[in-house]
>>> print(open('work20.csv').read())   # CSV, C-alpha atoms and all ligand atoms
chain,number,residue,atom,x,y,z
A,1,MET,CA,0.0,0.0,0.0
A,2,LYS,CA,0.9,3.7,-0.4
A,3,ALA,CA,2.3,5.6,2.7
A,4,LEU,CA,4.2,8.7,3.6
A,5,VAL,CA,7.4,7.4,5.1
A,6,LYS,CA,10.2,9.1,7.0
A,7,SER,CA,12.6,6.7,5.4
A,8,ARG,CA,15.9,8.7,5.6
A,9,ALA,CA,17.6,10.5,8.5
A,10,GLU,CA,17.4,13.9,6.7
A,11,GLN,CA,14.9,16.7,6.0
A,12,GLY,CA,11.8,15.5,4.0
A,13,ILE,CA,9.1,12.8,3.7
A,14,TRP,CA,8.6,10.4,0.9
A,15,MET,CA,5.6,8.5,-0.7
A,16,GLU,CA,6.6,4.8,-0.8
A,17,GLN,CA,5.1,1.3,-1.0
A,18,VAL,CA,5.0,-0.4,2.5
A,19,PRO,CA,3.6,-3.8,3.6
A,20,PHE,CA,-0.2,-4.0,4.3
A,21,PRO,CA,-0.8,-4.0,8.1
A,22,VAL,CA,-1.7,-7.2,9.8
A,23,CYS,CA,-4.9,-7.0,12.0
A,24,GLY,CA,-4.5,-8.8,15.4
A,25,HIS,CA,-7.3,-10.3,17.6
A,26,ASN,CA,-7.9,-7.0,19.4
A,27,ASP,CA,-7.3,-4.6,16.5
A,28,ALA,CA,-9.3,-2.7,14.0
A,29,LEU,CA,-8.1,-2.2,10.4
A,30,ILE,CA,-9.1,1.2,9.0
A,31,ARG,CA,-9.1,2.5,5.5
A,32,ILE,CA,-7.9,6.1,5.7
A,33,THR,CA,-10.0,8.8,4.0
A,34,LYS,CA,-8.6,12.1,5.4
A,35,THR,CA,-5.6,13.0,7.4
A,36,ALA,CA,-4.4,16.3,9.0
A,37,ILE,CA,-0.9,17.5,9.4
A,38,CYS,CA,0.2,18.1,13.0
A,39,GLY,CA,3.1,20.2,14.3
A,40,THR,CA,4.7,16.9,15.3
A,41,ASP,CA,4.8,15.9,11.6
A,42,ILE,CA,6.5,19.1,10.8
A,43,HIS,CA,9.2,18.4,13.4
A,44,ILE,CA,9.6,15.0,11.8
A,45,PHE,CA,9.7,16.5,8.3
A,46,ASN,CA,12.3,19.1,9.4
A,47,TRP,CA,14.3,16.3,11.2
A,48,ASP,CA,15.0,18.6,14.1
A,49,GLN,CA,16.8,17.5,17.3
A,50,TRP,CA,13.6,16.1,18.9
A,51,ALA,CA,12.8,14.0,15.8
A,52,GLN,CA,16.4,12.7,15.5
A,53,GLN,CA,16.2,11.5,19.1
A,54,THR,CA,12.7,10.1,18.9
A,55,ILE,CA,11.8,8.7,15.4
A,56,PRO,CA,13.3,5.4,14.3
A,57,VAL,CA,13.6,5.4,10.5
A,58,PRO,CA,12.0,4.1,8.4
A,59,MET,CA,8.6,5.1,10.0
A,60,VAL,CA,5.2,5.7,8.5
A,61,VAL,CA,4.1,9.0,10.2
A,62,GLY,CA,0.8,10.8,10.9
A,63,HIS,CA,-1.7,10.4,13.7
A,64,GLU,CA,-4.7,12.7,12.8
A,65,PHE,CA,-7.2,11.0,10.6
A,66,VAL,CA,-10.7,9.8,9.8
A,67,GLY,CA,-11.5,6.6,8.0
A,68,GLU,CA,-13.7,3.5,7.8
A,69,VAL,CA,-13.3,0.3,9.6
A,70,ILE,CA,-12.9,-2.5,7.1
A,71,GLU,CA,-11.9,-5.4,9.4
A,72,ILE,CA,-12.0,-6.2,13.1
A,73,GLY,CA,-10.1,-8.8,15.1
A,74,GLY,CA,-11.9,-11.9,16.6
A,75,GLU,CA,-12.0,-10.4,20.2
A,76,VAL,CA,-13.3,-7.0,19.2
A,77,GLN,CA,-16.7,-5.8,20.4
A,78,GLY,CA,-18.6,-2.5,19.8
A,79,LEU,CA,-17.2,-1.9,16.3
A,80,LYS,CA,-18.1,-3.2,12.9
A,81,PRO,CA,-16.9,-2.9,9.3
A,82,GLY,CA,-18.3,0.3,7.8
A,83,ASP,CA,-18.1,2.4,11.0
A,84,ARG,CA,-16.7,5.9,10.4
A,85,VAL,CA,-14.0,6.4,12.9
A,86,SER,CA,-10.9,8.2,14.2
A,87,ALA,CA,-8.6,6.9,17.0
A,88,GLU,CA,-6.7,8.0,20.0
A,89,GLY,CA,-3.1,8.0,18.9
A,90,HIS,CA,-1.6,7.3,22.3
A,91,ILE,CA,-1.6,3.5,22.8
A,92,THR,CA,-1.4,2.8,26.5
A,93,CYS,CA,-0.2,-0.4,28.3
A,94,GLY,CA,-3.4,-1.3,30.1
A,95,TYR,CA,-1.6,-2.7,33.1
A,96,CYS,CA,0.2,0.2,34.9
A,97,ARG,CA,-1.5,1.8,37.9
A,98,ASN,CA,-2.9,4.8,36.0
A,99,CYS,CA,-4.3,2.6,33.2
A,100,ARG,CA,-5.9,0.4,35.7
A,101,ALA,CA,-7.4,3.4,37.5
A,102,GLY,CA,-9.0,4.6,34.2
A,103,LYS,CA,-6.4,7.5,33.9
A,104,ARG,CA,-4.9,6.2,30.6
A,105,HIS,CA,-3.6,9.6,29.6
A,106,LEU,CA,-1.2,9.3,32.5
A,107,CYS,CA,0.1,5.8,31.4
A,108,ARG,CA,3.9,5.6,31.8
A,109,ASN,CA,4.3,3.3,28.9
A,110,THR,CA,2.5,5.2,26.1
A,111,VAL,CA,3.4,4.4,22.5
A,112,GLY,CA,2.6,7.0,19.8
A,113,VAL,CA,1.0,6.2,16.5
A,114,GLY,CA,3.1,7.7,13.7
A,115,VAL,CA,5.9,8.3,16.2
A,116,ASN,CA,6.9,5.0,17.7
A,117,ARG,CA,4.7,2.7,15.6
A,118,PRO,CA,3.3,3.0,12.0
A,119,GLY,CA,1.0,6.0,11.5
A,120,CYS,CA,-2.0,7.0,9.5
A,121,PHE,CA,-0.4,8.7,6.5
A,122,ALA,CA,-1.1,5.5,4.7
A,123,GLU,CA,-4.0,3.8,2.8
A,124,TYR,CA,-4.6,1.6,5.8
A,125,LEU,CA,-4.0,1.8,9.6
A,126,CYS,CA,-4.2,-1.0,12.2
A,127,VAL,CA,-4.7,0.1,15.8
A,128,PRO,CA,-6.0,-1.6,19.0
A,129,ALA,CA,-9.8,-1.4,18.8
A,130,VAL,CA,-10.0,0.2,22.3
A,131,ASN,CA,-8.3,3.2,20.8
A,132,VAL,CA,-10.9,3.6,18.0
A,133,PHE,CA,-13.6,6.3,18.4
A,134,ARG,CA,-16.8,6.2,16.4
A,135,ILE,CA,-17.8,9.5,14.7
A,136,PRO,CA,-21.4,10.6,15.1
A,137,ASP,CA,-23.2,11.1,11.8
A,138,ASN,CA,-23.5,14.9,12.2
A,139,ILE,CA,-19.8,15.5,12.5
A,140,SER,CA,-18.1,16.0,9.1
A,141,ASP,CA,-15.0,14.2,7.9
A,142,ASP,CA,-13.0,17.4,8.1
A,143,MET,CA,-13.9,17.9,11.8
A,144,ALA,CA,-13.3,14.2,12.5
A,145,SER,CA,-9.8,14.4,11.0
A,146,VAL,CA,-8.8,17.1,13.5
A,147,LEU,CA,-10.2,15.6,16.7
A,148,ASP,CA,-6.7,14.8,18.0
A,149,PRO,CA,-5.6,18.5,18.2
A,150,LEU,CA,-9.1,19.6,19.1
A,151,GLY,CA,-8.7,17.1,22.0
A,152,ASN,CA,-5.5,18.8,23.1
A,153,ALA,CA,-7.3,22.1,23.1
A,154,ALA,CA,-10.3,20.7,25.0
A,155,HIS,CA,-8.2,18.8,27.5
A,156,THR,CA,-6.2,21.9,28.3
A,157,ALA,CA,-9.1,24.4,28.3
A,158,LEU,CA,-11.5,22.2,30.2
A,159,SER,CA,-8.9,21.6,33.0
A,160,PHE,CA,-10.5,24.6,34.9
A,161,ASP,CA,-13.9,26.2,35.4
A,162,LEU,CA,-14.1,28.8,32.6
A,163,VAL,CA,-17.6,30.3,33.2
A,164,GLY,CA,-17.3,34.0,33.6
A,165,GLU,CA,-13.5,33.8,33.8
A,166,ASP,CA,-10.9,35.9,32.0
A,167,VAL,CA,-8.5,33.7,29.9
A,168,LEU,CA,-5.1,34.3,28.4
A,169,ILE,CA,-4.0,32.0,25.7
A,170,THR,CA,-0.4,32.3,24.5
A,171,GLY,CA,0.1,30.9,21.0
A,172,ALA,CA,-2.6,31.1,18.2
A,173,GLY,CA,-1.4,27.9,16.4
A,174,PRO,CA,-4.2,25.5,15.4
A,175,ILE,CA,-4.5,24.3,19.0
A,176,GLY,CA,-4.5,27.8,20.5
A,177,MET,CA,-7.2,29.0,18.1
A,178,MET,CA,-9.4,26.0,18.8
A,179,ALA,CA,-8.9,26.6,22.5
A,180,ALA,CA,-10.2,30.1,22.1
A,181,ALA,CA,-13.3,28.8,20.4
A,182,ILE,CA,-13.8,26.3,23.3
A,183,CYS,CA,-13.4,29.0,26.0
A,184,ARG,CA,-16.0,31.2,24.4
A,185,HIS,CA,-18.3,28.2,23.8
A,186,VAL,CA,-18.3,27.3,27.5
A,187,GLY,CA,-18.8,30.8,28.8
A,188,ALA,CA,-15.5,32.6,29.5
A,189,ARG,CA,-15.7,36.5,29.5
A,190,HIS,CA,-12.4,37.9,28.0
A,191,VAL,CA,-10.5,35.4,25.8
A,192,VAL,CA,-7.2,37.2,25.0
A,193,ILE,CA,-4.8,35.3,22.7
A,194,THR,CA,-1.2,36.2,21.8
A,195,ASP,CA,1.0,35.3,18.9
A,196,VAL,CA,3.7,36.8,16.6
A,197,ASN,CA,1.8,35.7,13.5
A,198,ASP,CA,-1.0,38.0,12.2
A,199,TYR,CA,-2.4,35.4,9.8
A,200,ARG,CA,-3.1,33.1,12.8
A,201,LEU,CA,-4.3,35.8,15.1
A,202,GLU,CA,-6.9,36.8,12.5
A,203,LEU,CA,-8.2,33.2,12.4
A,204,ALA,CA,-8.3,33.2,16.3
A,205,GLY,CA,-10.3,36.3,16.2
A,206,ARG,CA,-12.8,34.7,13.8
A,207,MET,CA,-13.0,31.7,16.1
A,208,GLY,CA,-14.1,33.5,19.3
A,209,ALA,CA,-11.0,35.2,20.9
A,210,THR,CA,-12.3,38.6,22.2
A,211,ARG,CA,-8.9,40.2,21.7
A,212,THR,CA,-5.9,39.2,19.6
A,213,VAL,CA,-2.5,40.5,20.5
A,214,ASN,CA,0.6,40.5,18.3
A,215,VAL,CA,3.2,40.7,21.0
A,216,THR,CA,5.8,42.1,18.6
A,217,LYS,CA,3.5,45.2,18.0
A,218,GLU,CA,1.5,45.6,21.2
A,219,SER,CA,2.1,44.9,24.9
A,220,LEU,CA,-0.2,42.7,26.9
A,221,GLU,CA,-0.2,45.4,29.6
A,222,SER,CA,-1.7,48.0,27.3
A,223,VAL,CA,-4.3,45.5,26.2
A,224,MET,CA,-5.2,44.7,29.8
A,225,ASP,CA,-5.6,48.5,30.4
A,226,ASP,CA,-7.7,48.8,27.3
A,227,ILE,CA,-10.2,46.1,28.3
A,228,GLY,CA,-10.3,47.4,31.9
A,229,MET,CA,-8.7,44.4,33.5
A,230,VAL,CA,-7.4,45.5,36.9
A,231,GLU,CA,-6.3,42.3,38.6
A,232,GLY,CA,-5.1,39.9,36.0
A,233,PHE,CA,-6.2,36.7,34.2
A,234,ASP,CA,-8.0,33.9,36.0
A,235,VAL,CA,-6.9,31.2,33.7
A,236,GLY,CA,-3.8,30.8,31.4
A,237,LEU,CA,-3.4,28.3,28.6
A,238,GLU,CA,0.2,28.1,27.4
A,239,MET,CA,0.1,26.9,23.8
A,240,SER,CA,3.1,28.4,22.1
A,241,GLY,CA,6.1,26.5,23.6
A,242,ASN,CA,7.8,29.9,23.8
A,243,PRO,CA,9.6,30.7,27.0
A,244,SER,CA,9.0,34.5,26.9
A,245,ALA,CA,5.3,33.9,26.3
A,246,PHE,CA,5.1,31.7,29.3
A,247,GLY,CA,7.1,34.2,31.5
A,248,ASP,CA,4.7,36.9,30.4
A,249,MET,CA,1.7,34.7,31.2
A,250,LEU,CA,2.9,34.1,34.8
A,251,GLU,CA,3.4,37.8,35.2
A,252,LYS,CA,-0.2,38.7,34.0
A,253,MET,CA,-2.0,36.1,36.1
A,254,ASN,CA,-4.2,37.1,39.0
A,255,HIS,CA,-3.3,35.7,42.4
A,256,GLY,CA,-4.7,32.2,42.7
A,257,GLY,CA,-4.8,31.9,38.9
A,258,LYS,CA,-4.7,28.6,37.2
A,259,VAL,CA,-2.3,27.8,34.4
A,260,ALA,CA,-2.3,24.8,32.1
A,261,LEU,CA,0.8,24.0,30.0
A,262,LEU,CA,0.4,22.2,26.7
A,263,GLY,CA,3.2,23.9,24.8
A,264,ILE,CA,6.5,22.1,24.8
A,265,LEU,CA,9.0,24.5,26.3
A,266,PRO,CA,12.8,24.0,25.8
A,267,PRO,CA,14.1,22.0,28.7
A,268,ASP,CA,16.3,24.9,30.0
A,269,THR,CA,13.4,27.4,30.2
A,270,ALA,CA,13.8,29.5,33.3
A,271,ILE,CA,10.8,30.9,35.2
A,272,ASP,CA,10.4,33.2,38.1
A,273,TRP,CA,9.3,30.6,40.7
A,274,ASN,CA,8.7,33.4,43.2
A,275,THR,CA,5.8,34.5,41.0
A,276,VAL,CA,4.3,31.1,41.2
A,277,VAL,CA,4.8,30.9,45.0
A,278,PHE,CA,3.7,34.4,46.0
A,279,LYS,CA,0.7,34.5,43.7
A,280,GLY,CA,-0.3,31.0,44.8
A,281,LEU,CA,-0.6,29.9,41.2
A,282,PHE,CA,-1.7,26.4,40.2
A,283,VAL,CA,0.3,25.0,37.3
A,284,LYS,CA,-0.8,21.9,35.5
A,285,GLY,CA,1.0,20.0,32.7
A,286,ILE,CA,-1.2,18.5,29.9
A,287,TYR,CA,-0.3,15.5,27.8
A,288,GLY,CA,-2.6,14.3,25.0
A,289,ARG,CA,-6.3,13.8,25.7
A,290,GLU,CA,-8.1,12.2,28.5
A,291,MET,CA,-9.2,8.7,27.3
A,292,PHE,CA,-11.9,8.9,26.5
A,293,GLU,CA,-13.6,11.7,28.4
A,294,THR,CA,-12.0,14.4,26.2
A,295,TRP,CA,-13.3,12.6,23.1
A,296,TYR,CA,-16.9,12.6,24.3
A,297,LYS,CA,-16.7,16.2,25.5
A,298,MET,CA,-15.3,17.5,22.2
A,299,THR,CA,-17.8,15.7,20.0
A,300,SER,CA,-20.6,16.9,22.3
A,301,MET,CA,-19.4,20.4,22.0
A,302,LEU,CA,-19.2,20.2,18.2
A,303,GLN,CA,-22.8,18.9,18.3
A,304,SER,CA,-23.9,21.7,20.5
A,305,GLY,CA,-22.6,24.5,18.3
A,306,LEU,CA,-18.8,24.7,18.8
A,307,ASP,CA,-17.5,26.0,15.5
A,308,ILE,CA,-13.9,25.3,14.6
A,309,ALA,CA,-14.3,25.4,10.8
A,310,PRO,CA,-12.1,28.5,10.3
A,311,ALA,CA,-9.2,26.5,11.8
A,312,ILE,CA,-9.2,24.3,8.7
A,313,THR,CA,-7.6,26.5,6.0
A,314,HIS,CA,-6.2,24.1,3.3
A,315,HIS,CA,-7.1,20.9,1.5
A,316,PHE,CA,-4.9,18.9,-0.7
A,317,ALA,CA,-5.1,15.6,-2.6
A,318,ILE,CA,-2.6,13.2,-1.1
A,319,ASP,CA,-0.4,13.2,-4.2
A,320,ASP,CA,0.2,16.9,-3.6
A,321,TYR,CA,1.6,16.2,-0.1
A,322,GLN,CA,4.8,18.2,-0.7
A,323,GLU,CA,2.9,21.3,-1.3
A,324,ALA,CA,0.7,20.6,1.8
A,325,PHE,CA,3.8,20.2,4.0
A,326,GLU,CA,5.2,23.5,2.6
A,327,VAL,CA,2.0,25.4,3.5
A,328,MET,CA,2.1,24.0,7.0
A,329,ARG,CA,5.8,24.8,7.4
A,330,SER,CA,5.2,28.4,6.3
A,331,GLY,CA,3.1,29.3,9.3
A,332,GLN,CA,0.5,30.8,6.9
A,333,SER,CA,-2.1,28.2,7.7
A,334,GLY,CA,-4.4,26.6,10.2
A,335,LYS,CA,-5.0,22.9,9.8
A,336,VAL,CA,-4.0,21.4,6.5
A,337,ILE,CA,-6.0,18.3,5.4
A,338,LEU,CA,-4.8,15.6,3.0
A,339,ASP,CA,-7.5,13.7,1.1
A,340,TRP,CA,-6.6,10.0,0.5
A,341,THR,CA,-9.6,9.4,-1.7
A,342,ARG,CA,-8.7,11.7,-4.6
A,401,LIG,P1,2.2,25.6,16.6
A,401,LIG,O1,3.7,25.6,16.6
A,401,LIG,O2,1.5,25.6,15.3
A,401,LIG,O3,1.7,27.0,17.3
A,401,LIG,C1,2.5,27.7,18.2
A,401,LIG,C2,2.2,29.2,18.0
A,401,LIG,O4,2.9,29.9,18.9
A,401,LIG,C3,2.6,29.6,16.6
A,401,LIG,O5,1.5,30.2,15.9
A,401,LIG,C4,3.7,30.6,16.9
A,401,LIG,O6,3.8,31.7,16.0
A,401,LIG,C5,3.3,31.1,18.3
A,401,LIG,N1,4.3,31.8,19.1
A,401,LIG,C6,5.7,31.8,18.9
A,401,LIG,N2,6.3,32.7,19.7
A,401,LIG,C7,5.3,33.2,20.4
A,401,LIG,C8,5.3,34.2,21.5
A,401,LIG,N3,6.4,34.8,21.9
A,401,LIG,N4,4.1,34.6,22.0
A,401,LIG,C9,2.9,34.0,21.6
A,401,LIG,N5,2.9,33.1,20.6
A,401,LIG,C10,4.1,32.7,20.0
A,401,LIG,O7,1.7,24.5,17.5
A,401,LIG,P2,0.3,23.8,17.8
A,401,LIG,O8,0.2,22.6,16.9
A,401,LIG,O9,-0.8,24.8,17.8
A,401,LIG,O10,0.6,23.3,19.3
A,401,LIG,C11,0.7,24.2,20.3
A,401,LIG,C12,1.9,23.8,21.3
A,401,LIG,O11,1.5,22.6,21.9
A,401,LIG,C13,3.2,23.4,20.6
A,401,LIG,O12,4.2,23.8,21.5
A,401,LIG,C14,3.1,21.9,20.5
A,401,LIG,O13,4.4,21.3,20.5
A,401,LIG,C15,2.4,21.6,21.8
A,401,LIG,N6,1.7,20.3,21.8
A,401,LIG,C16,1.7,19.6,23.0
A,401,LIG,C17,1.0,18.5,23.1
A,401,LIG,C18,0.9,17.8,24.4
A,401,LIG,O14,0.4,16.6,24.5
A,401,LIG,N7,1.5,18.4,25.5
A,401,LIG,C19,0.2,18.0,22.0
A,401,LIG,C20,0.2,18.7,20.8
A,401,LIG,C21,1.0,19.9,20.7
A,402,ZN,ZN,-0.3,2.1,31.3
>>> encode(input="work20.csv", output="structure tokens")
Amino acid sequence: MKALVKSRAEQGIWMEQVPFPVCGHNDALIRITKTAICGTDIHIFNWDQWAQQTIPVPMVVGHEFVGEVIEIGGEVQGLKPGDRVSAEGHITCGYCRNCRAGKRHLCRNTVGVGVNRPGCFAEYLCVPAVNVFRIPDNISDDMASVLDPLGNAAHTALSFDLVGEDVLITGAGPIGMMAAAICRHVGARHVVITDVNDYRLELAGRMGATRTVNVTKESLESVMDDIGMVEGFDVGLEMSGNPSAFGDMLEKMNHGGKVALLGILPPDTAIDWNTVVFKGLFVKGIYGREMFETWYKMTSMLQSGLDIAPAITHHFAIDDYQEAFEVMRSGQSGKVILDWTR
């Protein structure tokens, strides 16, 4: 079958023929219809330090998709051929303490689809059936193909009560802009989002941010003055992975504020711990999505009017994958979808 493979330890990704996956007793075999490109795939394409340390080559990459179940293993229940599905890309062990306690997002033995085992940028994908999530009929293929990053946004944003709260989101990448939409959907008051990229800030504004801030042109302080914010933000969602954005966030939080960290900061990022201590801040790290509570919450929100359509900016046929990766690498995009059926 056809697949996008990281087959060489250098920049790029290549369409190649790879063996058809074998479906085990507890697995589902899925025919891929649409996939979306994640920031992780761009790290792998660029072959940066993280990718070099993490990705064994050759590796079929990709983990954001929608498709159709075509075969199930003998032990599988609750799924059938023909079901339209996506899947949780974190495959967990099932036997560690957290897995056994139903906190699978905290599994210490997680394996990543398209990172440590073959991914979804392929005609077919085989994953454990417990990871598969059936897509309700009234959720489109486009939306279904971006449930993974929407789930990152939902897991982060829904970590805290947002009703009537003032939220600061640092980073208006695809995940930050989707988080802005969620915050408004569930009843936050001010949703201020920062970035250094005007294209993305414009999208975030269309998706529900009440104020967009390009930090290279305008200071957060002046924006806070402008909107009459005296005490600081109640909730902070760090979604840039940029140390100065995180430092700024800690400084602008109200005392007792709650901060969730999704962005992957460089390991040597320094922060002013006294700010955390004297303000009594609560800081929470976020990894992936809660299995499967986040999946149910986000599909329910989509069904109750959450609109993330503006976040999907580009569609390409799979044979034009090079162009799709270039658009994603340029920063002048939201989510980029690859269609495997045309
Ligand atoms: P992205 O790289 O597309 O978006 C990050 C955005 O931050 C970009 O638009 C960039 O312009 C902006 N930015 C850069 N410097 C900034 C600054 N000083 N202030 C404000 N914004 C700034 O990433 P994404 O796909 O939207 O993901 C968001 C973050 O979450 C990334 O760091 C990603 O690695 C991380 N991530 C973490 C998990 C997890 O499980 N913890 C999962 C997915 C993604
Ligand atoms: Zn586990």
>>> closest_residue(input="work20.csv", among="A:His25, A:Lys80, A:Arg200, A:Arg211", to="Val127 of chain A", atoms="only C-alpha atoms")
A:His25
>>> residues_near_ligand(input="work20.csv", ligand="ligand ZN 402 (chain A)", cutoff="12 Å", atoms="all atoms listed in the file", output="PyMOL selection string")
chain A and resi 90-111+291
>>> residues_around(input="work20.csv", residues="Ala209 of chain A", least_positions_apart="5", cutoff="7 Å", atoms="all atoms listed in the file", output="NGL selection string")
:A and (180-181 or 191-193 or 204)
>>> residues_near_ligand(input="work20.csv", ligand="ligand LIG 401 (chain A)", cutoff="6 Å", atoms="only C-alpha atoms and all ligand atoms", output="NGL selection string")
:A and (38-39 or 152 or 170-176 or 194-197 or 239-242 or 244-245 or 262-264 or 286-288)
>>> closest_residue(input="work20.csv", among="A:Ile37, A:Met207, A:Met1, A:Ile32", to="Ala311 of chain A", atoms="all atoms listed in the file")
A:Met207
>>> residues_around(input="work20.csv", residues="Gly151 of chain A", least_positions_apart="6", cutoff="10 Å", atoms="all atoms listed in the file", output="PDB file with C-alpha atoms, keeping the file's coordinate frame")
ATOM      1  CA  GLU A  88      -6.700   8.000  20.000  1.00  0.00           C
ATOM      2  CA  ALA A 157      -9.100  24.400  28.300  1.00  0.00           C
ATOM      3  CA  ILE A 175      -4.500  24.300  19.000  1.00  0.00           C
ATOM      4  CA  MET A 178      -9.400  26.000  18.800  1.00  0.00           C
ATOM      5  CA  ALA A 179      -8.900  26.600  22.500  1.00  0.00           C
ATOM      6  CA  GLY A 288      -2.600  14.300  25.000  1.00  0.00           C
ATOM      7  CA  ARG A 289      -6.300  13.800  25.700  1.00  0.00           C
ATOM      8  CA  GLU A 290      -8.100  12.200  28.500  1.00  0.00           C
ATOM      9  CA  MET A 291      -9.200   8.700  27.300  1.00  0.00           C
ATOM     10  CA  PHE A 292     -11.900   8.900  26.500  1.00  0.00           C
ATOM     11  CA  GLU A 293     -13.600  11.700  28.400  1.00  0.00           C
ATOM     12  CA  THR A 294     -12.000  14.400  26.200  1.00  0.00           C
ATOM     13  CA  TRP A 295     -13.300  12.600  23.100  1.00  0.00           C
ATOM     14  CA  TYR A 296     -16.900  12.600  24.300  1.00  0.00           C
ATOM     15  CA  LYS A 297     -16.700  16.200  25.500  1.00  0.00           C
ATOM     16  CA  MET A 298     -15.300  17.500  22.200  1.00  0.00           C
ATOM     17  CA  THR A 299     -17.800  15.700  20.000  1.00  0.00           C
TER      18      THR A 299
END
>>> closest_residue(input="work20.csv", among="A:Val277, A:Ala154, A:Val76, A:Val22", to="Leu125 of chain A", atoms="only C-alpha atoms")
A:Val22
>>> atom_distance(input="work20.csv", atom1="atom CA of Gln332 of chain A", atom2="atom CA of Met301 of chain A")
27.1 Å
>>> atom_distance(input="work20.csv", atom1="atom CA of Thr156 of chain A", atom2="atom CA of Leu237 of chain A")
7.0 Å
>>> atom_distance(input="work20.csv", atom1="atom CA of His155 of chain A", atom2="atom CA of Phe282 of chain A")
16.2 Å
>>> closest_residue(input="work20.csv", among="A:Gly334, A:Glu202, A:Asp83, A:Gln322", to="Ile13 of chain A", atoms="only C-alpha atoms")
A:Gln322
>>> closest_residue(input="work20.csv", among="A:Ile30, A:Met59, A:Ala51, A:Leu203", to="Glu16 of chain A", atoms="all atoms listed in the file")
A:Met59
>>> closest_residue(input="work20.csv", among="A:Gly78, A:His190, A:Met15, A:Arg134", to="Gly228 of chain A", atoms="only C-alpha atoms")
A:His190
>>> residues_around(input="work20.csv", residues="Phe160 of chain A", least_positions_apart="3", cutoff="10 Å", atoms="all atoms listed in the file", output="list of chain:residue names")
A:His155, A:Thr156, A:Ala157, A:Val163, A:Glu165, A:Asp234, A:Val235, A:Gly236, A:Lys258, A:Val259, A:Ala260
>>> build_atoms(input="work20.csv", residues="segment 281-296 of chain A", atoms="N, CA and C atoms", output="PDB file, in the coordinates of the input")
ATOM      1  N   LEU A 281      -0.062  30.413  42.445  1.00  0.00           N
ATOM      2  CA  LEU A 281      -0.600  29.900  41.200  1.00  0.00           C
ATOM      3  C   LEU A 281      -0.665  28.388  41.184  1.00  0.00           C
ATOM      4  N   PHE A 282      -1.599  27.895  40.409  1.00  0.00           N
ATOM      5  CA  PHE A 282      -1.700  26.400  40.200  1.00  0.00           C
ATOM      6  C   PHE A 282      -1.280  26.149  38.789  1.00  0.00           C
ATOM      7  N   VAL A 283      -0.267  25.310  38.619  1.00  0.00           N
ATOM      8  CA  VAL A 283       0.300  25.000  37.300  1.00  0.00           C
ATOM      9  C   VAL A 283       0.098  23.532  36.984  1.00  0.00           C
ATOM     10  N   LYS A 284      -0.537  23.254  35.855  1.00  0.00           N
ATOM     11  CA  LYS A 284      -0.800  21.900  35.500  1.00  0.00           C
ATOM     12  C   LYS A 284      -0.238  21.517  34.128  1.00  0.00           C
ATOM     13  N   GLY A 285       0.488  20.437  34.018  1.00  0.00           N
ATOM     14  CA  GLY A 285       1.000  20.000  32.700  1.00  0.00           C
ATOM     15  C   GLY A 285      -0.077  19.134  32.027  1.00  0.00           C
ATOM     16  N   ILE A 286      -0.130  19.259  30.694  1.00  0.00           N
ATOM     17  CA  ILE A 286      -1.200  18.500  29.900  1.00  0.00           C
ATOM     18  C   ILE A 286      -0.481  17.666  28.876  1.00  0.00           C
ATOM     19  N   TYR A 287      -0.843  16.403  28.837  1.00  0.00           N
ATOM     20  CA  TYR A 287      -0.300  15.500  27.800  1.00  0.00           C
ATOM     21  C   TYR A 287      -1.491  14.833  27.097  1.00  0.00           C
ATOM     22  N   GLY A 288      -1.575  15.042  25.799  1.00  0.00           N
ATOM     23  CA  GLY A 288      -2.600  14.300  25.000  1.00  0.00           C
ATOM     24  C   GLY A 288      -4.008  14.689  25.382  1.00  0.00           C
ATOM     25  N   ARG A 289      -4.852  13.687  25.380  1.00  0.00           N
ATOM     26  CA  ARG A 289      -6.300  13.800  25.700  1.00  0.00           C
ATOM     27  C   ARG A 289      -6.656  12.830  26.760  1.00  0.00           C
ATOM     28  N   GLU A 290      -7.656  13.162  27.580  1.00  0.00           N
ATOM     29  CA  GLU A 290      -8.100  12.200  28.500  1.00  0.00           C
ATOM     30  C   GLU A 290      -8.864  11.094  27.763  1.00  0.00           C
ATOM     31  N   MET A 291      -8.518   9.849  28.061  1.00  0.00           N
ATOM     32  CA  MET A 291      -9.200   8.700  27.300  1.00  0.00           C
ATOM     33  C   MET A 291     -10.280   8.162  28.194  1.00  0.00           C
ATOM     34  N   PHE A 292     -11.516   8.255  27.739  1.00  0.00           N
ATOM     35  CA  PHE A 292     -11.900   8.900  26.500  1.00  0.00           C
ATOM     36  C   PHE A 292     -12.802  10.107  26.771  1.00  0.00           C
ATOM     37  N   GLU A 293     -12.720  10.575  28.004  1.00  0.00           N
ATOM     38  CA  GLU A 293     -13.600  11.700  28.400  1.00  0.00           C
ATOM     39  C   GLU A 293     -13.468  12.858  27.457  1.00  0.00           C
ATOM     40  N   THR A 294     -12.231  13.232  27.095  1.00  0.00           N
ATOM     41  CA  THR A 294     -12.000  14.400  26.200  1.00  0.00           C
ATOM     42  C   THR A 294     -12.735  14.145  24.858  1.00  0.00           C
ATOM     43  N   TRP A 295     -12.681  12.896  24.362  1.00  0.00           N
ATOM     44  CA  TRP A 295     -13.300  12.600  23.100  1.00  0.00           C
ATOM     45  C   TRP A 295     -14.810  12.809  23.105  1.00  0.00           C
ATOM     46  N   TYR A 296     -15.437  12.369  24.209  1.00  0.00           N
ATOM     47  CA  TYR A 296     -16.900  12.600  24.300  1.00  0.00           C
ATOM     48  C   TYR A 296     -17.207  14.051  24.467  1.00  0.00           C
TER      49      TYR A 296
END
